[in-house]
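Have a look at structure.csv; it's CSV, C-alpha atoms:
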```
chain,number,residue,atom,x,y,z
A,1,MET,CA,-13.2,-18.4,-1.7
A,2,ARG,CA,-12.7,-17.8,-5.4
A,3,MET,CA,-12.9,-14.0,-6.0
A,4,LEU,CA,-14.4,-12.9,-9.3
A,5,GLY,CA,-15.0,-9.3,-8.4
A,6,THR,CA,-13.2,-6.1,-7.3
A,7,THR,CA,-13.8,-3.3,-4.9
A,8,THR,CA,-12.0,-0.6,-6.7
A,9,ALA,CA,-10.1,-1.3,-10.0
A,10,ALA,CA,-9.0,-3.8,-12.5
A,11,ALA,CA,-5.5,-4.2,-11.0
A,12,PHE,CA,-6.9,-5.2,-7.7
A,13,ALA,CA,-9.2,-7.7,-9.4
A,14,LEU,CA,-6.3,-9.4,-11.1
A,15,SER,CA,-4.3,-9.6,-7.9
A,16,ALA,CA,-7.4,-11.1,-6.2
A,17,PHE,CA,-7.7,-13.7,-8.9
A,18,ALA,CA,-4.0,-14.6,-8.6
A,19,ALA,CA,-4.3,-15.0,-4.8
A,20,ALA,CA,-7.5,-17.2,-5.0
A,21,PRO,CA,-7.2,-20.9,-4.2
A,22,ALA,CA,-7.3,-23.1,-7.3
A,23,LEU,CA,-10.1,-25.3,-5.9
A,24,ALA,CA,-12.4,-22.8,-4.2
A,25,ASP,CA,-16.0,-23.7,-3.8
A,26,THR,CA,-17.5,-20.2,-3.4
A,27,ILE,CA,-17.4,-18.0,-6.5
A,28,LYS,CA,-17.9,-14.3,-5.9
A,29,LEU,CA,-19.3,-12.4,-8.9
A,30,ARG,CA,-19.9,-8.7,-9.2
A,31,ILE,CA,-22.8,-7.9,-11.5
A,32,ALA,CA,-23.9,-4.4,-12.5
A,33,THR,CA,-25.8,-2.1,-14.8
A,34,GLY,CA,-26.5,1.6,-14.9
A,35,HIS,CA,-30.3,0.9,-15.1
A,36,PRO,CA,-32.6,0.2,-12.1
A,37,PRO,CA,-34.3,-3.2,-11.8
A,38,GLY,CA,-37.6,-1.4,-12.9
A,39,VAL,CA,-36.2,-1.6,-16.4
A,40,VAL,CA,-37.2,-5.1,-17.7
A,41,TYR,CA,-33.8,-6.4,-18.7
A,42,ALA,CA,-32.2,-5.2,-15.4
A,43,GLY,CA,-35.0,-6.8,-13.4
A,44,LEU,CA,-34.5,-10.0,-15.3
A,45,MET,CA,-30.8,-9.9,-14.5
A,46,LYS,CA,-31.6,-9.7,-10.9
A,47,ASP,CA,-34.6,-11.9,-10.6
A,48,PHE,CA,-33.9,-14.5,-13.3
A,49,PHE,CA,-30.3,-14.6,-14.4
A,50,GLN,CA,-28.7,-14.3,-10.9
A,51,THR,CA,-31.2,-16.7,-9.2
A,52,GLU,CA,-31.2,-19.3,-12.0
A,53,LEU,CA,-27.4,-19.3,-12.3
A,54,GLN,CA,-27.0,-19.7,-8.5
A,55,LYS,CA,-29.6,-22.5,-8.4
A,56,GLN,CA,-28.1,-24.4,-11.3
A,57,VAL,CA,-24.5,-24.1,-10.2
A,58,GLU,CA,-25.3,-25.1,-6.6
A,59,SER,CA,-27.5,-28.0,-7.7
A,60,ARG,CA,-25.1,-29.4,-10.4
A,61,THR,CA,-21.7,-28.7,-8.9
A,62,LYS,CA,-19.9,-28.4,-5.6
A,63,HIS,CA,-19.6,-24.7,-6.1
A,64,LYS,CA,-21.6,-21.8,-4.7
A,65,ILE,CA,-22.3,-18.4,-6.2
A,66,GLU,CA,-22.1,-15.2,-4.1
A,67,TRP,CA,-23.3,-12.0,-5.8
A,68,VAL,CA,-22.2,-8.5,-5.3
A,69,GLU,CA,-24.9,-6.3,-7.0
A,70,GLY,CA,-24.5,-2.9,-8.6
A,71,TYR,CA,-27.8,-1.9,-10.0
A,72,SER,CA,-29.1,1.7,-10.7
A,73,GLY,CA,-25.6,2.9,-11.5
A,74,SER,CA,-24.2,2.2,-8.0
A,75,ILE,CA,-21.0,0.8,-9.5
A,76,VAL,CA,-21.1,1.8,-13.2
A,77,LYS,CA,-23.3,4.3,-14.9
A,78,VAL,CA,-25.1,3.5,-18.1
A,79,THR,CA,-22.3,5.0,-20.1
A,80,GLU,CA,-19.6,3.2,-18.2
A,81,THR,CA,-20.6,-0.5,-18.2
A,82,LEU,CA,-18.7,-1.7,-21.3
A,83,GLU,CA,-15.6,-0.1,-19.9
A,84,GLY,CA,-16.3,-1.4,-16.4
A,85,VAL,CA,-16.5,-5.0,-17.6
A,86,GLN,CA,-13.4,-4.4,-19.9
A,87,ASN,CA,-11.3,-3.2,-16.9
A,88,GLY,CA,-12.6,-5.8,-14.5
A,89,ILE,CA,-14.3,-3.3,-12.2
A,90,VAL,CA,-17.3,-5.6,-12.6
A,91,ASP,CA,-17.4,-9.2,-13.8
A,92,ILE,CA,-20.7,-9.2,-15.5
A,93,GLY,CA,-22.5,-6.2,-16.9
A,94,GLY,CA,-25.7,-5.4,-18.7
A,95,PHE,CA,-25.9,-2.3,-20.9
A,96,CYS,CA,-27.5,-0.6,-23.9
A,97,PHE,CA,-25.3,-0.4,-27.0
A,98,CYS,CA,-27.0,3.0,-27.5
A,99,PHE,CA,-24.4,4.5,-25.1
A,100,GLU,CA,-21.4,3.1,-27.0
A,101,ALA,CA,-21.9,4.6,-30.4
A,102,ALA,CA,-18.2,5.2,-30.9
A,103,LYS,CA,-17.1,1.7,-29.8
A,104,LEU,CA,-20.0,-0.4,-31.0
A,105,PRO,CA,-21.4,1.7,-34.0
A,106,LEU,CA,-22.9,-1.3,-35.8
A,107,HIS,CA,-24.6,-3.0,-32.9
A,108,ALA,CA,-27.6,-0.6,-33.0
A,109,PHE,CA,-28.5,-2.0,-36.4
A,110,GLN,CA,-32.3,-2.4,-35.8
A,111,VAL,CA,-32.4,1.3,-34.8
A,112,MET,CA,-31.1,2.1,-38.3
A,113,LEU,CA,-34.3,0.6,-39.7
A,114,PRO,CA,-37.1,2.2,-37.7
A,115,PHE,CA,-40.7,1.0,-37.8
A,116,GLY,CA,-39.7,-2.7,-37.6
A,117,THR,CA,-41.6,-5.4,-35.7
A,118,MET,CA,-43.1,-4.5,-32.4
A,119,ASP,CA,-42.8,-8.1,-31.2
A,120,PRO,CA,-39.7,-8.5,-29.0
A,121,THR,CA,-39.5,-12.3,-29.7
A,122,ILE,CA,-39.3,-11.6,-33.4
A,123,SER,CA,-36.9,-8.7,-32.8
A,124,LEU,CA,-34.7,-11.1,-30.9
A,125,ALA,CA,-34.9,-13.8,-33.6
A,126,ILE,CA,-34.0,-11.2,-36.3
A,127,ALA,CA,-31.0,-10.1,-34.2
A,128,GLN,CA,-29.9,-13.8,-33.8
A,129,ASP,CA,-30.0,-14.2,-37.6
A,130,VAL,CA,-27.9,-11.1,-37.9
A,131,TYR,CA,-25.3,-12.1,-35.4
A,132,LYS,CA,-25.0,-15.5,-37.1
A,133,ALA,CA,-24.5,-13.8,-40.5
A,134,VAL,CA,-22.1,-11.2,-39.2
A,135,PRO,CA,-19.6,-12.8,-36.8
A,136,TYR,CA,-17.9,-9.5,-36.2
A,137,LEU,CA,-20.8,-8.4,-34.0
A,138,THR,CA,-19.8,-11.1,-31.4
A,139,SER,CA,-16.0,-11.3,-31.9
A,140,VAL,CA,-15.4,-7.5,-31.4
A,141,PHE,CA,-16.2,-7.9,-27.7
A,142,GLU,CA,-13.4,-10.3,-27.2
A,143,GLU,CA,-10.9,-8.9,-29.7
A,144,LYS,CA,-11.2,-5.2,-28.6
A,145,TYR,CA,-13.0,-4.9,-25.3
A,146,ASN,CA,-11.7,-7.8,-23.1
A,147,GLN,CA,-15.1,-9.4,-22.6
A,148,LYS,CA,-17.3,-12.2,-23.8
A,149,LEU,CA,-20.9,-11.6,-25.1
A,150,LEU,CA,-23.2,-13.8,-23.1
A,151,ALA,CA,-26.6,-12.7,-24.2
A,152,ARG,CA,-28.4,-10.3,-26.5
A,153,ILE,CA,-31.3,-8.4,-24.9
A,154,ALA,CA,-34.6,-7.4,-26.6
A,155,ASP,CA,-36.6,-4.4,-25.6
A,156,GLY,CA,-40.3,-3.9,-25.6
A,157,GLY,CA,-41.8,-2.0,-28.6
A,158,TYR,CA,-41.0,1.7,-28.6
A,159,ASN,CA,-43.7,4.4,-28.8
A,160,LEU,CA,-43.8,8.0,-27.8
A,161,GLY,CA,-44.7,9.3,-24.3
A,162,THR,CA,-45.3,13.1,-24.0
A,163,SER,CA,-46.4,15.8,-21.6
A,164,PHE,CA,-49.0,16.9,-24.2
A,165,ASP,CA,-51.4,15.5,-26.7
A,166,TRP,CA,-50.5,15.3,-30.4
A,167,ASN,CA,-52.0,13.9,-33.5
A,168,LYS,CA,-49.7,14.4,-36.4
A,169,VAL,CA,-45.9,14.8,-37.0
A,170,SER,CA,-46.2,18.5,-37.5
A,171,ASP,CA,-47.5,18.9,-33.9
A,172,LEU,CA,-44.0,17.8,-32.7
A,173,LYS,CA,-41.9,20.2,-34.9
A,174,GLY,CA,-39.3,21.9,-32.7
A,175,VAL,CA,-40.4,20.2,-29.5
A,176,LYS,CA,-37.7,18.7,-27.3
A,177,ILE,CA,-38.0,15.0,-27.1
A,178,ALA,CA,-35.5,12.6,-25.5
A,179,GLY,CA,-34.0,9.5,-26.9
A,180,ALA,CA,-30.8,7.5,-26.7
A,181,GLY,CA,-28.0,7.2,-29.2
A,182,LEU,CA,-29.1,6.5,-32.8
A,183,ASN,CA,-32.8,6.8,-32.2
A,184,LEU,CA,-32.3,10.5,-31.9
A,185,ASN,CA,-32.2,10.4,-35.7
A,186,TRP,CA,-35.9,9.3,-35.7
A,187,LEU,CA,-36.6,12.7,-34.2
A,188,LYS,CA,-34.2,14.9,-36.1
A,189,TYR,CA,-35.2,13.7,-39.6
A,190,ALA,CA,-38.9,14.3,-38.7
A,191,GLY,CA,-38.2,17.9,-37.6
A,192,VAL,CA,-38.4,17.1,-33.8
A,193,THR,CA,-35.7,18.5,-31.5
A,194,PRO,CA,-33.7,15.5,-30.2
A,195,VAL,CA,-32.2,15.5,-26.6
A,196,GLN,CA,-29.9,12.7,-25.5
A,197,GLY,CA,-31.3,11.2,-22.3
A,198,SER,CA,-31.0,8.1,-20.1
A,199,LEU,CA,-33.6,6.4,-18.0
A,200,PRO,CA,-32.1,7.0,-14.6
A,201,GLU,CA,-32.7,10.8,-15.1
A,202,ALA,CA,-35.9,10.5,-17.2
A,203,TYR,CA,-38.4,11.4,-14.6
A,204,THR,CA,-36.5,14.5,-13.5
A,205,GLY,CA,-35.9,15.5,-17.1
A,206,MET,CA,-39.6,15.3,-17.9
A,207,LYS,CA,-40.7,16.9,-14.6
A,208,THR,CA,-38.4,19.9,-15.1
A,209,HIS,CA,-39.2,20.3,-18.8
A,210,VAL,CA,-35.7,19.6,-20.0
A,211,TYR,CA,-37.7,17.7,-22.7
A,212,GLU,CA,-41.4,17.1,-23.2
A,213,GLY,CA,-41.4,13.4,-24.1
A,214,TRP,CA,-39.4,10.2,-24.6
A,215,ILE,CA,-39.2,7.5,-27.3
A,216,MET,CA,-39.9,4.7,-24.8
A,217,PHE,CA,-41.4,1.3,-24.3
A,218,PRO,CA,-44.4,1.1,-22.0
A,219,SER,CA,-42.8,-0.8,-19.2
A,220,ALA,CA,-40.5,2.1,-18.4
A,221,TRP,CA,-43.5,4.5,-18.6
A,222,VAL,CA,-45.2,2.4,-15.9
A,223,ASN,CA,-42.3,1.3,-13.7
A,224,LEU,CA,-40.5,4.6,-13.5
A,225,LYS,CA,-43.8,6.5,-13.2
A,226,LEU,CA,-43.1,8.6,-16.3
A,227,TYR,CA,-46.9,8.9,-16.8
A,228,GLU,CA,-46.9,11.5,-14.0
A,229,PRO,CA,-44.9,14.1,-15.9
A,230,GLY,CA,-45.9,12.5,-19.2
A,231,PRO,CA,-49.6,11.6,-19.1
A,232,TYR,CA,-49.9,11.0,-22.9
A,233,TYR,CA,-48.7,7.7,-24.4
A,234,THR,CA,-49.1,7.4,-28.2
A,235,LEU,CA,-48.8,4.1,-30.0
A,236,ILE,CA,-46.8,4.9,-33.1
A,237,GLY,CA,-44.9,1.6,-33.3
A,238,PHE,CA,-41.2,2.6,-33.8
A,239,GLY,CA,-40.3,-1.1,-33.3
A,240,SER,CA,-38.9,-3.5,-30.7
A,241,ILE,CA,-35.1,-3.2,-30.7
A,242,THR,CA,-32.5,-5.8,-29.6
A,243,TRP,CA,-29.7,-3.5,-28.7
A,244,HIS,CA,-28.6,-4.3,-25.2
A,245,GLY,CA,-26.1,-7.0,-24.2
A,246,LEU,CA,-24.9,-9.0,-21.2
A,247,THR,CA,-21.2,-9.6,-21.1
A,248,ILE,CA,-18.5,-11.1,-18.8
A,249,ASN,CA,-14.9,-10.0,-18.4
A,250,LYS,CA,-12.5,-12.4,-20.1
A,251,ALA,CA,-10.4,-13.0,-17.0
A,252,SER,CA,-13.5,-13.6,-14.9
A,253,TRP,CA,-14.7,-16.1,-17.5
A,254,SER,CA,-11.4,-18.0,-17.7
A,255,ARG,CA,-11.1,-18.3,-14.0
A,256,LEU,CA,-14.6,-19.9,-13.6
A,257,PRO,CA,-14.4,-23.6,-12.9
A,258,LYS,CA,-14.7,-25.6,-16.1
A,259,GLU,CA,-17.9,-27.3,-15.0
A,260,VAL,CA,-19.5,-23.8,-14.3
A,261,GLN,CA,-18.7,-22.3,-17.7
A,262,PRO,CA,-21.3,-24.3,-19.7
A,263,ILE,CA,-23.9,-23.7,-17.0
A,264,LEU,CA,-23.3,-20.0,-17.3
A,265,LEU,CA,-23.8,-20.1,-21.0
A,266,GLU,CA,-26.9,-22.2,-20.7
A,267,VAL,CA,-28.5,-19.7,-18.2
A,268,ALA,CA,-27.4,-16.8,-20.4
A,269,ARG,CA,-29.2,-18.3,-23.4
A,270,ALA,CA,-32.3,-18.8,-21.3
A,271,TYR,CA,-32.0,-15.2,-20.1
A,272,GLU,CA,-31.7,-14.0,-23.7
A,273,GLU,CA,-34.9,-15.7,-24.7
A,274,LYS,CA,-36.7,-14.5,-21.6
A,275,THR,CA,-35.9,-10.9,-22.6
A,276,GLY,CA,-38.0,-11.5,-25.7
A,277,THR,CA,-40.9,-13.5,-24.1
A,278,ASN,CA,-41.1,-11.4,-21.0
A,279,ASN,CA,-41.1,-8.1,-22.8
A,280,LYS,CA,-43.8,-9.4,-25.2
A,281,GLU,CA,-46.0,-10.4,-22.2
A,282,ARG,CA,-45.3,-7.2,-20.4
A,283,TYR,CA,-46.1,-5.0,-23.4
A,284,GLY,CA,-49.8,-5.7,-23.4
A,285,GLN,CA,-50.0,-5.7,-19.6
A,286,ASP,CA,-48.3,-2.3,-19.3
A,287,ILE,CA,-50.4,-0.8,-22.0
A,288,GLU,CA,-53.5,-1.9,-20.1
A,289,LYS,CA,-52.1,-0.4,-16.8
A,290,LEU,CA,-51.6,2.9,-18.6
A,291,ARG,CA,-55.1,2.8,-20.1
A,292,ASN,CA,-56.6,2.0,-16.7
A,293,GLY,CA,-56.2,5.5,-15.4
A,294,LEU,CA,-52.4,6.1,-15.5
A,295,ALA,CA,-52.2,7.8,-18.9
A,296,LYS,CA,-54.2,8.8,-22.0
A,297,VAL,CA,-53.3,6.1,-24.5
A,298,LYS,CA,-54.2,6.3,-28.1
A,299,GLU,CA,-53.2,4.7,-31.4
A,300,LEU,CA,-52.4,6.9,-34.3
A,301,ASP,CA,-53.8,6.5,-37.8
A,302,PRO,CA,-51.4,4.4,-39.9
A,303,SER,CA,-51.0,7.3,-42.2
A,304,VAL,CA,-49.1,9.2,-39.5
A,305,ARG,CA,-46.8,6.3,-39.0
A,306,LYS,CA,-46.2,6.2,-42.8
A,307,GLU,CA,-45.6,9.9,-42.9
A,308,TRP,CA,-43.0,9.6,-40.2
A,309,ALA,CA,-41.4,6.7,-41.9
A,310,GLU,CA,-41.2,8.6,-45.2
A,311,SER,CA,-39.3,11.4,-43.4
A,312,LEU,CA,-36.7,8.7,-42.5
A,313,LYS,CA,-36.5,6.8,-45.7
A,314,ASP,CA,-33.1,8.1,-46.8
A,315,TRP,CA,-31.4,7.9,-43.4
A,316,PRO,CA,-30.5,4.2,-43.4
A,317,GLN,CA,-28.5,4.5,-46.6
A,318,SER,CA,-26.9,7.8,-45.4
A,319,HIS,CA,-25.8,6.2,-42.1
A,320,ALA,CA,-24.7,3.0,-43.8
A,321,ASP,CA,-22.4,5.1,-46.1
A,322,THR,CA,-20.8,6.6,-43.0
A,323,LEU,CA,-20.2,3.1,-41.4
A,324,LYS,CA,-18.8,1.7,-44.7
A,325,LYS,CA,-16.0,4.3,-44.5
A,326,GLU,CA,-15.1,2.7,-41.2
A,327,GLY,CA,-14.8,-0.7,-42.8
A,328,LEU,CA,-17.8,-2.2,-41.0
A,329,PRO,CA,-20.1,-4.8,-42.7
A,330,VAL,CA,-23.1,-2.6,-42.5
A,331,VAL,CA,-24.7,-3.4,-45.8
A,332,LYS,CA,-24.8,-7.2,-45.1
A,333,THR,CA,-26.0,-6.4,-41.5
A,334,LEU,CA,-28.9,-4.1,-42.6
A,335,ASN,CA,-30.0,-6.3,-45.5
A,336,THR,CA,-30.1,-9.3,-43.2
A,337,VAL,CA,-32.4,-7.4,-40.9
A,338,LEU,CA,-34.7,-6.4,-43.7
A,339,ASP,CA,-34.8,-9.9,-45.1
A,340,SER,CA,-35.2,-11.7,-41.8
A,341,ALA,CA,-38.1,-9.4,-40.8
A,342,GLU,CA,-39.9,-9.9,-44.0
A,343,LYS,CA,-39.3,-13.7,-43.8
A,344,ARG,CA,-41.2,-13.5,-40.5
A,345,GLY,CA,-44.1,-11.6,-42.0
A,346,HIS,CA,-43.2,-7.9,-41.2
A,347,LYS,CA,-44.3,-5.3,-43.7
A,348,TRP,CA,-42.3,-2.1,-43.6
A,349,PRO,CA,-44.3,1.1,-43.9
A,350,VAL,CA,-41.4,2.3,-46.2
A,351,ARG,CA,-39.1,-0.4,-47.7
A,352,TYR,CA,-35.6,0.8,-47.0
A,353,VAL,CA,-32.9,0.1,-49.6
A,354,VAL,CA,-29.3,-0.2,-48.5
A,355,LYS,CA,-26.5,-0.9,-50.9
```
Please go through the file and, once you have read it, give me the structure as structure tokens.
Amino acid sequence: MRMLGTTTAAAFALSAFAAAPALADTIKLRIATGHPPGVVYAGLMKDFFQTELQKQVESRTKHKIEWVEGYSGSIVKVTETLEGVQNGIVDIGGFCFCFEAAKLPLHAFQVMLPFGTMDPTISLAIAQDVYKAVPYLTSVFEEKYNQKLLARIADGGYNLGTSFDWNKVSDLKGVKIAGAGLNLNWLKYAGVTPVQGSLPEAYTGMKTHVYEGWIMFPSAWVNLKLYEPGPYYTLIGFGSITWHGLTINKASWSRLPKEVQPILLEVARAYEEKTGTNNKERYGQDIEKLRNGLAKVKELDPSVRKEWAESLKDWPQSHADTLKKEGLPVVKTLNTVLDSAEKRGHKWPVRYVVK
């Protein structure tokens, strides 16, 4: 059996690789994420990526795939997945770049330009344009973190779920609202009190009033039953963000049979596209589920969205100035986002300028 996973640590993984027969026909892969399968991208890892890779490898080669699954943080937490793949604790990991602000500060580029497209397929296409224009976004995984980027992952459009009704930005002043990583700035600049959160503890955080709401896409509000502590879901349209990734440890990649490697890349590309199309389909379905008795759903007047965007208009440049000091190609990155979105018909409520 070709072992591509570990039970404890990276050193054990490497010794297992070294001991594996050169011509094994069963490939054992450890796949993990800190999120539960109820989060769309994690569910697609389990139900699409794993099953499709197994099917394609077993139908097109002599090899078999055996999975060791670590969902819901059972192997690595949401804040540990990048490092877990880097160290070989897991072979393949899915995670949000929002939890790696120090190591991947540029990868949350769409978050730096709030109120973008709400269409996950367009969000993904914009991200693909950006990764093509800025090779650093791909190469940094291999050069610094011992892993290969397999797929970018789009999220559904972000709105705001709360425990109370609200109608204007001033209603949220001083209220504790959860977010993740950079999107906390969407709250701070609007006068809302930001609280760092993560989906595995979201229900408890809402239930115990650690915070009174979440910047969140509707699939999580439905699947994680956040509508119970948060019965109000307000369609403000912060945007669909492509800021998760699926990566593979470099040693795990290099030890895959040569005929399996292109199949893995092919399935990963299909998975990437599916995160866009599936989230797009799910968005409308989940909004309808919420409307049909789970929550009170309403759409805000566009003037409220514009008011919130106005409060954030100086933040992209301010944040870009910080990243420029780190030598990162942030100006090119953000302007590619702006141009790509407009090329696809998006109209920003406030047209950010970054130079």
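Close contacts of region 136-150 of chain A, defined as residues with an atom at most 6 Å away when counting only C-alpha atoms, with chain neighbours fewer than 6 positions off set aside, comprise Gln86, Leu246, Thr247, Ile248, Asn249, Lys250 and Ala268 of chain A.
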Among A:Lys313, A:Lys289, A:Lys46, A:Lys296, Ser219 (chain A) is approached most closely, using only C-alpha atoms, by A:Lys289
Determine the nearest neighbour of Asp119 (chain A) from the options A:Ala341, A:Ala101, A:Met216, A:Val195, counting only C-alpha atoms. A:Ala341
Point-to-point distance from CA of Met112 (chain A) to CA of Gly94 (chain A), Å rounded to tenths: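 These atoms are spaced 21.7 Å apart.
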Please return, as a PDB file with C-alpha atoms, keeping the file's coordinate frame, all polymer residues that have at least one atom within 10 Å of the point (-27.7, 4.2, -35.3); use only C-alpha atoms and the file's own coordinate frame.
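This is the output file point_22.pdb:
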```pdb
ATOM      1  CA  PHE A  97     -25.300  -0.400 -27.000  1.00  0.00           C
ATOM      2  CA  CYS A  98     -27.000   3.000 -27.500  1.00  0.00           C
ATOM      3  CA  ALA A 101     -21.900   4.600 -30.400  1.00  0.00           C
ATOM      4  CA  LEU A 104     -20.000  -0.400 -31.000  1.00  0.00           C
ATOM      5  CA  PRO A 105     -21.400   1.700 -34.000  1.00  0.00           C
ATOM      6  CA  LEU A 106     -22.900  -1.300 -35.800  1.00  0.00           C
ATOM      7  CA  HIS A 107     -24.600  -3.000 -32.900  1.00  0.00           C
ATOM      8  CA  ALA A 108     -27.600  -0.600 -33.000  1.00  0.00           C
ATOM      9  CA  PHE A 109     -28.500  -2.000 -36.400  1.00  0.00           C
ATOM     10  CA  GLN A 110     -32.300  -2.400 -35.800  1.00  0.00           C
ATOM     11  CA  VAL A 111     -32.400   1.300 -34.800  1.00  0.00           C
ATOM     12  CA  MET A 112     -31.100   2.100 -38.300  1.00  0.00           C
ATOM     13  CA  LEU A 113     -34.300   0.600 -39.700  1.00  0.00           C
ATOM     14  CA  PRO A 114     -37.100   2.200 -37.700  1.00  0.00           C
ATOM     15  CA  ALA A 180     -30.800   7.500 -26.700  1.00  0.00           C
ATOM     16  CA  GLY A 181     -28.000   7.200 -29.200  1.00  0.00           C
ATOM     17  CA  LEU A 182     -29.100   6.500 -32.800  1.00  0.00           C
ATOM     18  CA  ASN A 183     -32.800   6.800 -32.200  1.00  0.00           C
ATOM     19  CA  LEU A 184     -32.300  10.500 -31.900  1.00  0.00           C
ATOM     20  CA  ASN A 185     -32.200  10.400 -35.700  1.00  0.00           C
ATOM     21  CA  TRP A 186     -35.900   9.300 -35.700  1.00  0.00           C
ATOM     22  CA  TRP A 315     -31.400   7.900 -43.400  1.00  0.00           C
ATOM     23  CA  PRO A 316     -30.500   4.200 -43.400  1.00  0.00           C
ATOM     24  CA  HIS A 319     -25.800   6.200 -42.100  1.00  0.00           C
ATOM     25  CA  ALA A 320     -24.700   3.000 -43.800  1.00  0.00           C
ATOM     26  CA  LEU A 323     -20.200   3.100 -41.400  1.00  0.00           C
TER      27      LEU A 323
END
```
So that I can check the surroundings of Thr79 (chain A), please list as a PyMOL selection string every protein, DNA and RNA residue that reaches within 8 Å of it, counting only C-alpha atoms and ignoring chain neighbours fewer than 6 positions away. chain A and resi 34+99-100
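With all atoms listed in the file as the basis for measurement, A:Thr275 is the residue among A:Ser318, A:Ser340, A:Thr275, A:Thr193 that approaches Met45 (chain A) most closely.
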Non-local contacts of Gly161 (chain A) (6 Å; all atoms listed in the file; under 2 positions in same chain excluded) as a PyMOL selection string: chain A and resi 213-214+232-233
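For the pair CA of Lys324 (chain A) and CA of Ala190 (chain A), the separation is 24.5 Å.
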Here's a test: counting all atoms listed in the file, identify every protein, DNA and RNA residue with an atom at most 10 Å from (-12.0, -16.8, -17.2) in the file's coordinate frame, and state them as a count of residues only. 17
Would you please work out which residue, of A:Thr242, A:Lys168, A:Lys176, A:Leu290, is nearest to Glu307 (chain A) when using all atoms listed in the file? A:Lys168
Produce a table with one row for each residue of region 94-213 of chain A that has an atom at most 12 Å from any atom of region 70-75 of chain A, each row naming the nearest atom pair and its distance in Å at one decimal; use all atoms listed in the file; arrange rows by chain and rising residue number; format as a Markdown table.
```
| residue | atom | partner | partner_atom | distance |
| --- | --- | --- | --- | --- |
| A:Gly94 | CA | A:Tyr71 | CA | 9.6 |
| A:Phe95 | CA | A:Gly73 | CA | 10.7 |
| A:Ser198 | CA | A:Gly73 | CA | 11.4 |
| A:Leu199 | CA | A:Ser72 | CA | 9.8 |
| A:Pro200 | CA | A:Ser72 | CA | 7.2 |
| A:Glu201 | CA | A:Ser72 | CA | 10.7 |
```
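With all atoms listed in the file as the atoms that count, the residue of A:Leu172, A:Asn292, A:Glu212, A:Val267 with the shortest distance to Gly197 (chain A) is A:Glu212.
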Report the distance between CA of Asp25 (chain A) and CA of His63 (chain A) in Å, rounded to one decimal place.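 According to the coordinates, CA of Asp25 (chain A) and CA of His63 (chain A) are separated by 4.4 Å.
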Of A:Leu264, A:Arg291, A:Asn167, A:Ala178, the one nearest to Ser303 (chain A) when counting all atoms listed in the file is A:Asn167
If we count all atoms listed in the file, what is near Glu273 (chain A) at a cut-off of 12 Å, once residues fewer than 3 positions away on the same chain are taken out, given as a PyMOL selection string? chain A and resi 41+44+48-49+120-125+127-128+150-155+242+266-270+276-280
Quick one: residues within 8 Å of Pro231 (chain A), only C-alpha atoms counted, chain neighbours fewer than 5 positions away excluded, as a list in words? Gly161, Thr162, Ser163, Phe164, Leu226, Leu294, Ala295 and Lys296 of chain A
Add whatever atoms are absent from region 182-192 of chain A to reach N, CA and C atoms, and provide the output as a PDB file, in the frame of the given file.
```
ATOM      1  N   LEU A 182     -28.644   6.397 -31.409  1.00  0.00           N
ATOM      2  CA  LEU A 182     -29.100   6.500 -32.800  1.00  0.00           C
ATOM      3  C   LEU A 182     -30.554   6.858 -32.954  1.00  0.00           C
ATOM      4  N   ASN A 183     -31.400   6.487 -31.981  1.00  0.00           N
ATOM      5  CA  ASN A 183     -32.800   6.800 -32.200  1.00  0.00           C
ATOM      6  C   ASN A 183     -33.130   8.267 -32.146  1.00  0.00           C
ATOM      7  N   LEU A 184     -32.139   9.069 -31.779  1.00  0.00           N
ATOM      8  CA  LEU A 184     -32.300  10.500 -31.900  1.00  0.00           C
ATOM      9  C   LEU A 184     -32.529  10.943 -33.319  1.00  0.00           C
ATOM     10  N   ASN A 185     -32.020  10.134 -34.257  1.00  0.00           N
ATOM     11  CA  ASN A 185     -32.200  10.400 -35.700  1.00  0.00           C
ATOM     12  C   ASN A 185     -33.677  10.274 -36.091  1.00  0.00           C
ATOM     13  N   TRP A 186     -34.422   9.405 -35.412  1.00  0.00           N
ATOM     14  CA  TRP A 186     -35.900   9.300 -35.700  1.00  0.00           C
ATOM     15  C   TRP A 186     -36.543  10.617 -35.489  1.00  0.00           C
ATOM     16  N   LEU A 187     -36.043  11.373 -34.523  1.00  0.00           N
ATOM     17  CA  LEU A 187     -36.600  12.700 -34.200  1.00  0.00           C
ATOM     18  C   LEU A 187     -36.090  13.754 -35.144  1.00  0.00           C
ATOM     19  N   LYS A 188     -34.800  13.800 -35.294  1.00  0.00           N
ATOM     20  CA  LYS A 188     -34.200  14.900 -36.100  1.00  0.00           C
ATOM     21  C   LYS A 188     -34.700  14.911 -37.512  1.00  0.00           C
ATOM     22  N   TYR A 189     -34.791  13.742 -38.148  1.00  0.00           N
ATOM     23  CA  TYR A 189     -35.200  13.700 -39.600  1.00  0.00           C
ATOM     24  C   TYR A 189     -36.697  14.052 -39.702  1.00  0.00           C
ATOM     25  N   ALA A 190     -37.462  13.940 -38.629  1.00  0.00           N
ATOM     26  CA  ALA A 190     -38.900  14.300 -38.700  1.00  0.00           C
ATOM     27  C   ALA A 190     -39.131  15.731 -38.243  1.00  0.00           C
ATOM     28  N   GLY A 191     -38.058  16.477 -37.940  1.00  0.00           N
ATOM     29  CA  GLY A 191     -38.200  17.900 -37.600  1.00  0.00           C
ATOM     30  C   GLY A 191     -38.414  18.109 -36.079  1.00  0.00           C
ATOM     31  N   VAL A 192     -38.272  17.036 -35.272  1.00  0.00           N
ATOM     32  CA  VAL A 192     -38.400  17.100 -33.800  1.00  0.00           C
ATOM     33  C   VAL A 192     -37.018  17.467 -33.250  1.00  0.00           C
TER      34      VAL A 192
END
```
